[in-house]
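**Q** What follows is entry02.txt; its format and atoms are compact mmCIF, C-alpha atoms.
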# COMPACT_ATOMS: atom_id res chain seq x y z
CA MET J 1 -149.84 21.20 38.51
CA LEU J 2 -149.09 23.32 41.55
CA LEU J 3 -151.92 24.71 43.62
CA PRO J 4 -152.62 28.48 43.73
CA TYR J 5 -153.70 28.63 47.37
CA PHE J 6 -154.27 26.62 50.56
CA LYS J 7 -157.45 28.47 51.48
CA LYS J 8 -159.32 30.52 48.90
CA GLY J 9 -159.98 34.20 49.48
CA ARG J 10 -157.07 35.13 51.74
CA ILE J 11 -153.65 36.67 51.12
CA GLU J 12 -151.16 33.83 51.56
CA ALA J 13 -147.37 34.11 51.52
CA GLY J 14 -145.35 31.05 50.62
CA CYS J 15 -142.13 30.68 52.66
CA ASP J 16 -139.06 28.55 52.03
CA GLU J 17 -135.37 28.47 52.91
CA ALA J 18 -132.10 27.56 51.21
CA GLY J 19 -128.79 26.45 52.65
CA ARG J 20 -129.88 24.58 55.73
CA GLY J 21 -127.52 21.66 55.14
CA CYS J 22 -124.45 23.74 54.26
CA LEU J 23 -121.21 23.91 56.21
CA ALA J 24 -120.62 27.54 55.28
CA GLY J 25 -122.48 30.72 54.46
CA PRO J 26 -125.80 32.13 55.67
CA VAL J 27 -129.15 30.43 55.54
CA PHE J 28 -131.49 32.38 53.25
CA ALA J 29 -135.28 32.48 53.27
CA ALA J 30 -137.90 34.06 51.07
CA ALA J 31 -141.58 34.89 51.39
CA VAL J 32 -143.76 35.48 48.32
CA ILE J 33 -147.35 36.61 47.76
CA LEU J 34 -148.44 35.85 44.19
CA PRO J 35 -151.34 37.60 42.48
CA LYS J 36 -154.65 35.85 41.92
CA GLY J 37 -154.56 33.83 38.72
CA PHE J 38 -150.76 33.70 38.50
CA LYS J 39 -149.56 30.94 36.19
CA ASN J 40 -146.17 29.82 34.95
CA GLU J 41 -145.61 26.38 33.46
CA LEU J 42 -141.93 26.35 34.45
CA LEU J 43 -142.44 27.20 38.11
CA THR J 44 -141.88 24.29 40.49
CA ASP J 45 -139.61 23.26 43.36
CA SER J 46 -136.24 24.97 42.78
CA LYS J 47 -134.39 21.65 43.28
CA GLN J 48 -136.13 20.28 40.17
CA LEU J 49 -134.89 23.12 37.98
CA THR J 50 -131.57 23.97 36.37
CA LYS J 51 -129.62 27.07 37.35
CA ALA J 52 -130.64 28.71 34.05
CA GLN J 53 -134.32 27.98 34.70
CA ARG J 54 -134.14 29.38 38.23
CA ASN J 55 -132.44 32.52 36.96
CA GLU J 56 -135.12 32.86 34.28
CA LEU J 57 -137.89 32.61 36.86
CA ARG J 58 -136.44 34.98 39.46
CA PRO J 59 -137.14 38.28 37.63
CA ILE J 60 -140.60 37.02 36.64
CA ILE J 61 -141.44 36.29 40.27
CA GLU J 62 -140.02 39.62 41.44
CA LYS J 63 -141.99 41.52 38.82
CA GLU J 64 -145.30 39.67 39.15
CA ALA J 65 -145.44 39.10 42.92
CA LEU J 66 -147.76 41.32 44.94
CA ALA J 67 -144.99 41.33 47.53
CA TYR J 68 -141.84 39.41 48.36
CA GLY J 69 -139.02 39.48 50.88
CA VAL J 70 -135.63 37.78 51.03
CA ALA J 71 -133.54 37.63 54.20
CA SER J 72 -130.73 35.65 55.80
CA LEU J 73 -129.02 34.72 59.05
CA SER J 74 -125.23 34.70 59.26
CA PRO J 75 -123.06 31.72 60.26
CA LYS J 76 -122.52 33.33 63.68
CA GLU J 77 -126.28 33.63 64.17
CA ILE J 78 -126.70 30.02 63.06
CA ASP J 79 -124.09 28.95 65.62
CA LYS J 80 -125.99 30.91 68.27
CA HIS J 81 -129.54 29.77 67.51
CA ASN J 82 -129.02 26.37 65.74
CA ILE J 83 -129.86 25.84 62.10
CA LEU J 84 -133.53 24.89 62.46
CA ARG J 85 -134.40 27.96 64.52
CA SER J 86 -132.27 30.11 62.21
CA SER J 87 -134.27 28.91 59.20
CA PHE J 88 -137.49 30.04 60.90
CA LEU J 89 -135.98 33.38 61.96
CA ALA J 90 -134.84 33.98 58.37
CA MET J 91 -138.44 33.40 57.26
CA HIS J 92 -139.60 35.90 59.90
CA ARG J 93 -137.20 38.50 58.50
CA ALA J 94 -138.34 37.80 54.95
CA VAL J 95 -142.02 38.27 55.90
CA LYS J 96 -141.15 41.49 57.75
CA LYS J 97 -139.56 42.87 54.55
CA MET J 98 -142.73 42.49 52.47
CA LYS J 99 -144.64 45.64 51.61
CA THR J 100 -147.95 43.75 51.99
CA SER J 101 -148.73 41.91 55.21
CA PRO J 102 -150.04 38.40 54.54
CA GLU J 103 -153.14 36.97 56.19
CA ALA J 104 -151.54 33.51 56.37
CA LEU J 105 -148.17 31.82 55.81
CA LEU J 106 -147.57 28.60 53.90
CA ILE J 107 -144.39 27.05 55.31
CA ASP J 108 -142.35 24.45 53.48
CA GLY J 109 -141.73 21.71 56.04
CA ASN J 110 -143.37 20.21 59.11
CA ARG J 111 -142.46 22.78 61.79
CA PHE J 112 -142.40 26.53 62.32
CA ILE J 113 -142.05 29.18 65.00
CA PRO J 114 -145.10 31.49 64.83
CA TYR J 115 -144.48 34.98 63.51
CA LYS J 116 -146.50 37.65 65.32
CA ASP J 117 -150.14 36.50 65.20
CA ILE J 118 -150.19 35.44 61.54
CA PRO J 119 -151.83 32.01 61.04
CA TYR J 120 -149.67 29.44 59.25
CA GLU J 121 -149.85 26.04 57.59
CA CYS J 122 -146.88 23.66 57.46
CA VAL J 123 -146.75 21.69 54.22
CA ILE J 124 -144.28 18.83 53.80
CA LYS J 125 -142.60 19.17 50.39
CA GLY J 126 -144.71 22.27 49.91
CA ASP J 127 -142.33 23.66 47.27
CA GLY J 128 -143.64 20.94 44.97
CA LYS J 129 -147.30 21.55 45.87
CA TYR J 130 -148.00 25.30 46.07
CA LEU J 131 -147.02 28.04 43.64
CA SER J 132 -146.16 30.59 46.32
CA ILE J 133 -143.84 28.20 48.18
CA ALA J 134 -142.18 27.20 44.90
CA ALA J 135 -141.66 30.89 44.10
CA ALA J 136 -140.12 31.43 47.55
CA SER J 137 -137.82 28.46 46.98
CA ILE J 138 -136.60 30.03 43.72
CA LEU J 139 -135.81 33.36 45.35
CA ALA J 140 -134.12 31.85 48.41
CA LYS J 141 -132.00 29.55 46.25
CA THR J 142 -130.94 32.13 43.64
CA TYR J 143 -130.13 34.82 46.20
CA ARG J 144 -128.06 32.41 48.25
CA ASP J 145 -126.23 30.94 45.26
CA GLU J 146 -125.38 34.44 44.06
CA TYR J 147 -124.03 35.33 47.51
CA MET J 148 -121.87 32.19 47.71
CA GLU J 149 -120.49 32.72 44.20
CA LYS J 150 -119.30 36.18 45.24
CA LEU J 151 -117.72 34.77 48.41
CA ALA J 152 -115.98 32.11 46.34
CA LYS J 153 -113.88 34.77 44.62
CA ARG J 154 -112.39 35.74 48.00
CA PHE J 155 -112.12 32.18 49.30
CA PRO J 156 -111.33 30.05 46.21
CA GLN J 157 -109.84 27.22 48.28
CA TYR J 158 -113.31 25.95 49.23
CA HIS J 159 -114.78 25.84 45.68
CA TRP J 160 -118.00 27.54 46.77
CA GLU J 161 -118.69 28.60 43.19
CA SER J 162 -119.71 24.99 42.52
CA ASN J 163 -120.68 23.51 45.92
CA LYS J 164 -122.30 26.67 47.43
CA GLY J 165 -121.07 25.64 50.89
CA TYR J 166 -122.51 22.13 50.92
CA PRO J 167 -120.34 19.28 52.29
CA THR J 168 -118.77 18.04 49.05
CA LYS J 169 -115.40 16.30 48.82
CA ALA J 170 -113.82 19.43 47.33
CA HIS J 171 -115.20 21.66 50.09
CA ARG J 172 -114.03 19.35 52.86
CA ALA J 173 -110.63 18.96 51.19
CA GLY J 174 -110.31 22.76 51.32
CA ILE J 175 -111.18 22.77 55.02
CA GLU J 176 -108.69 19.93 55.66
CA CYS J 177 -105.90 21.78 53.88
CA HIS J 178 -106.59 25.41 54.85
CA GLY J 179 -108.82 25.16 57.93
CA PRO J 180 -112.24 26.84 58.26
CA CYS J 181 -112.78 30.56 57.72
CA LYS J 182 -115.13 33.11 59.30
CA HIS J 183 -117.92 32.06 56.92
CA HIS J 184 -118.02 28.49 58.21
CA ARG J 185 -120.61 27.32 60.72
CA MET J 186 -118.44 26.33 63.64
CA SER J 187 -121.28 24.51 65.41
CA PHE J 188 -121.37 22.04 62.49
CA ARG J 189 -119.01 19.08 62.21
CA LEU J 190 -116.96 20.41 59.31
CA LEU J 191 -114.83 17.27 59.03
CA PRO J 192 -116.44 13.99 60.14
CA GLU J 193 -113.31 12.65 61.83
CA ARG J 194 -112.42 15.79 63.77
CA GLU J 195 -114.26 17.36 66.71
CA GLN J 196 -112.83 20.89 66.79
CA LEU J 197 -111.11 23.03 64.18
CA GLU J 198 -109.25 26.32 64.49
CA LEU J 199 -110.66 29.27 62.59
CA PHE J 200 -108.71 30.54 59.57
CA GLU J 201 -109.11 34.29 59.00
Mind converting the file's structure to structure tokens?
**A**
Amino acid sequence: MLLPYFKKGRIEAGCDEAGRGCLAGPVFAAAVILPKGFKNELLTDSKQLTKAQRNELRPIIEKEALAYGVASLSPKEIDKHNILRSSFLAMHRAVKKMKTSPEALLIDGNRFIPYKDIPYECVIKGDGKYLSIAAASILAKTYRDEYMEKLAKRFPQYHWESNKGYPTKAHRAGIECHGPCKHHRMSFRLLPEREQLELFE
């Protein structure tokens, strides 16, 4: 049973990211404020759910949430800032998009860069502990998957429709054969045995 809040009586936004370990595509983040008394038996960490279950939950979260925001940082921004900082900056952008300003942030993970003067709590594996973080994990994951599936139609050689940019054998085989494209994170080691790769446009 996931918890409804960290501290009772304040407006808390759960925050989570998706795509941190990918070789290609943006990192996405979401922030969600759920209403008091919100319940959904299916809602849990997005990684524990099927694609169909995540897609079922997304419109429910979007409809029921008091406020939510979804944002991303591009591969070029990731290369500039590094992936950890980019994950936090994506959360900042997601919070900024919300129509209601939260009184506190619940962050999935053990670190965070403060956003403005909003207090925050870091919760390890928080997407399996708090409803609002779980809801944010659903939005971040579904928005990112949808984005990568669209990109896959233009770059079929990397099989992003199935791997979503993660370092699978099929993805790395595509990089080996065709080289990386503009959507790859060039600061990442795209192929374990090779230091530097030329960009394929």
**Q** List the spatial neighbours of Phe6 (chain J) as a list in words - criterion: any atom at most 10 Å away, all atoms listed in the file, same-chain residues fewer than 6 positions off excluded.
**A**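 My list of contacting residues is Glu12, Gly14, Ala104, Leu105, Leu106, Glu121, Val123, Lys129, Tyr130 and Ser132 of chain J.
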**Q** From the list J:Lys141, J:His183, J:His159, J:Lys99, which residue is nearest Ala29 (chain J) when using only C-alpha atoms?
**A**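 Using only C-alpha atoms, Ala29 (chain J) sits closest to J:Lys141.
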**Q** Could you tell me which of J:Pro26, J:Pro156, J:Gly69, J:Pro114 comes closest to Arg93 (chain J) if we count only C-alpha atoms?
**A** J:Gly69
**Q** So which residues touch region 43-56 of chain J within 10 Å, counting only C-alpha atoms, skipping near sequence neighbours fewer than 5 positions away, as number ranges by chain?
**A** J: 1-2, 18, 61, 125-143, 145
**Q** I need the chosen residues saved as a CSV table (one decimal), keeping the file's coordinate frame, with C-alpha atoms.
**A**
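Once written, selection_14.csv looks like this:
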chain,number,residue,atom,x,y,z
J,1,MET,CA,-149.8,21.2,38.5
J,2,LEU,CA,-149.1,23.3,41.6
J,18,ALA,CA,-132.1,27.6,51.2
J,61,ILE,CA,-141.4,36.3,40.3
J,125,LYS,CA,-142.6,19.2,50.4
J,126,GLY,CA,-144.7,22.3,49.9
J,127,ASP,CA,-142.3,23.7,47.3
J,128,GLY,CA,-143.6,20.9,45.0
J,129,LYS,CA,-147.3,21.6,45.9
J,130,TYR,CA,-148.0,25.3,46.1
J,131,LEU,CA,-147.0,28.0,43.6
J,132,SER,CA,-146.2,30.6,46.3
J,133,ILE,CA,-143.8,28.2,48.2
J,134,ALA,CA,-142.2,27.2,44.9
J,135,ALA,CA,-141.7,30.9,44.1
J,136,ALA,CA,-140.1,31.4,47.6
J,137,SER,CA,-137.8,28.5,47.0
J,138,ILE,CA,-136.6,30.0,43.7
J,139,LEU,CA,-135.8,33.4,45.4
J,140,ALA,CA,-134.1,31.8,48.4
J,141,LYS,CA,-132.0,29.6,46.2
J,142,THR,CA,-130.9,32.1,43.6
J,143,TYR,CA,-130.1,34.8,46.2
J,145,ASP,CA,-126.2,30.9,45.3
**Q** Residues within 12 Å of (-114.9, 33.0, 47.8), file coordinates, counting all atoms listed in the file: what are they? Give the list as a PDB file with C-alpha atoms, in the frame of the given file.
**A**
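As a result, selection.pdb now contains:
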ATOM      1  CA  ALA J  24    -120.620  27.540  55.280  1.00  0.00           C
ATOM      2  CA  GLY J  25    -122.480  30.720  54.460  1.00  0.00           C
ATOM      3  CA  ASP J 145    -126.230  30.940  45.260  1.00  0.00           C
ATOM      4  CA  GLU J 146    -125.380  34.440  44.060  1.00  0.00           C
ATOM      5  CA  TYR J 147    -124.030  35.330  47.510  1.00  0.00           C
ATOM      6  CA  MET J 148    -121.870  32.190  47.710  1.00  0.00           C
ATOM      7  CA  GLU J 149    -120.490  32.720  44.200  1.00  0.00           C
ATOM      8  CA  LYS J 150    -119.300  36.180  45.240  1.00  0.00           C
ATOM      9  CA  LEU J 151    -117.720  34.770  48.410  1.00  0.00           C
ATOM     10  CA  ALA J 152    -115.980  32.110  46.340  1.00  0.00           C
ATOM     11  CA  LYS J 153    -113.880  34.770  44.620  1.00  0.00           C
ATOM     12  CA  ARG J 154    -112.390  35.740  48.000  1.00  0.00           C
ATOM     13  CA  PHE J 155    -112.120  32.180  49.300  1.00  0.00           C
ATOM     14  CA  PRO J 156    -111.330  30.050  46.210  1.00  0.00           C
ATOM     15  CA  GLN J 157    -109.840  27.220  48.280  1.00  0.00           C
ATOM     16  CA  TYR J 158    -113.310  25.950  49.230  1.00  0.00           C
ATOM     17  CA  HIS J 159    -114.780  25.840  45.680  1.00  0.00           C
ATOM     18  CA  TRP J 160    -118.000  27.540  46.770  1.00  0.00           C
ATOM     19  CA  GLU J 161    -118.690  28.600  43.190  1.00  0.00           C
ATOM     20  CA  SER J 162    -119.710  24.990  42.520  1.00  0.00           C
ATOM     21  CA  ASN J 163    -120.680  23.510  45.920  1.00  0.00           C
ATOM     22  CA  LYS J 164    -122.300  26.670  47.430  1.00  0.00           C
ATOM     23  CA  GLY J 165    -121.070  25.640  50.890  1.00  0.00           C
ATOM     24  CA  HIS J 171    -115.200  21.660  50.090  1.00  0.00           C
ATOM     25  CA  GLY J 174    -110.310  22.760  51.320  1.00  0.00           C
ATOM     26  CA  CYS J 181    -112.780  30.560  57.720  1.00  0.00           C
ATOM     27  CA  LYS J 182    -115.130  33.110  59.300  1.00  0.00           C
ATOM     28  CA  HIS J 183    -117.920  32.060  56.920  1.00  0.00           C
ATOM     29  CA  HIS J 184    -118.020  28.490  58.210  1.00  0.00           C
TER      30      HIS J 184
END
**Q** For Lys96 (chain J), which residue among J:Ala13, J:Leu42, J:His81, J:Pro75 is the nearest when counting only C-alpha atoms?
**A**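 The closest residue to Lys96 (chain J) is J:Ala13.
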**Q** Write out as number ranges by chain which residues come within 10 Å of Arg172 (chain J) when counting only C-alpha atoms, dropping same-chain ones fewer than 6 positions away.
**A** J: 23, 158-159, 165-166, 178-180, 190-192
**Q** Counting all atoms listed in the file, figure out which residue out of J:Lys8, J:Lys116, J:Arg189, J:Arg58 gets nearest to Gly37 (chain J).
**A**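 Of J:Lys8, J:Lys116, J:Arg189, J:Arg58, the one nearest Gly37 (chain J), counting all atoms listed in the file, is J:Lys8.
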**Q** What's the separation between CA of Pro119 (chain J) and CA of Cys15 (chain J), in Å to one decimal place?
**A**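 Separation between CA of Pro119 (chain J) and CA of Cys15 (chain J): 12.9 Å.
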**Q** Restricting the calculation to all atoms listed in the file: of J:Ile33, J:Phe88, J:Asp79, J:Ile175, which residue gets closest to Lys63 (chain J)?
**A**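 Of J:Ile33, J:Phe88, J:Asp79, J:Ile175, the one nearest Lys63 (chain J) is J:Ile33, counting all atoms listed in the file.
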**Q** Between J:Arg185, J:Met91, J:Cys22, J:Thr100, which has the minimum distance to Leu66 (chain J) (counting all atoms listed in the file)?
**A**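 Distance minimum relative to Leu66 (chain J) lands on J:Thr100.
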**Q** What is the CA of Ala67 (chain J) to CA of Ile124 (chain J) distance in Å?
**A**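 Between these atoms lies a distance of 23.4 Å.
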**Q** What are the centre and the three edge lengths of an axis-aligned box that wraps all atoms of region 43-60 of chain J in the file, given that 4 Å is added to every side, written as AutoDock Vina command-line options and rounded to one decimal in Å?
**A**
--center_x -136.0 --center_y 29.3 --center_z 38.7 --size_x 20.8 --size_y 26.0 --size_z 17.3
**Q** Report, in Å to a single decimal, how far apart CA of Val32 (chain J) and CA of Met98 (chain J) are.
**A**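 So the answer is 8.2 Å.
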**Q** Would you give me, as a Markdown table, each residue of region 66-94 of chain J having an atom within 10 Å of an atom of region 109-113 of chain J, along with its shortest atom pair and that distance in Å to one decimal, using all atoms listed in the file and sorting by chain and residue number?
**A**
| residue | atom | partner | partner_atom | distance |
| --- | --- | --- | --- | --- |
| J:Leu84 | CA | J:Phe112 | CA | 9.0 |
| J:Arg85 | CA | J:Ile113 | CA | 7.8 |
| J:Ser87 | CA | J:Phe112 | CA | 9.0 |
| J:Phe88 | CA | J:Ile113 | CA | 6.2 |
| J:Leu89 | CA | J:Ile113 | CA | 8.0 |
| J:Met91 | CA | J:Phe112 | CA | 9.4 |
| J:His92 | CA | J:Ile113 | CA | 8.8 |
**Q** Write the residues of the selection above to a file with C-alpha atoms, as a PDB file, in the coordinates of the input.
**A**
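Writing done, so here's part-v2.pdb:
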ATOM      1  CA  LEU J  84    -133.530  24.890  62.460  1.00  0.00           C
ATOM      2  CA  ARG J  85    -134.400  27.960  64.520  1.00  0.00           C
ATOM      3  CA  SER J  87    -134.270  28.910  59.200  1.00  0.00           C
ATOM      4  CA  PHE J  88    -137.490  30.040  60.900  1.00  0.00           C
ATOM      5  CA  LEU J  89    -135.980  33.380  61.960  1.00  0.00           C
ATOM      6  CA  MET J  91    -138.440  33.400  57.260  1.00  0.00           C
ATOM      7  CA  HIS J  92    -139.600  35.900  59.900  1.00  0.00           C
TER       8      HIS J  92
END
**Q** Can you pull out the residues contacting Val27 (chain J)? Cut-off 6 Å, using all atoms listed in the file, and skip same-chain residues under 4 positions away; I want them as a list in words.
**A** Ala18, Gly19, Arg20, Ser72 and Leu73 of chain J
**Q** Write the selection just made, keeping C-alpha atoms, as a PDB file, in the coordinates of the input?
**A**
ATOM      1  CA  ALA J  18    -132.100  27.560  51.210  1.00  0.00           C
ATOM      2  CA  GLY J  19    -128.790  26.450  52.650  1.00  0.00           C
ATOM      3  CA  ARG J  20    -129.880  24.580  55.730  1.00  0.00           C
ATOM      4  CA  SER J  72    -130.730  35.650  55.800  1.00  0.00           C
ATOM      5  CA  LEU J  73    -129.020  34.720  59.050  1.00  0.00           C
TER       6      LEU J  73
END
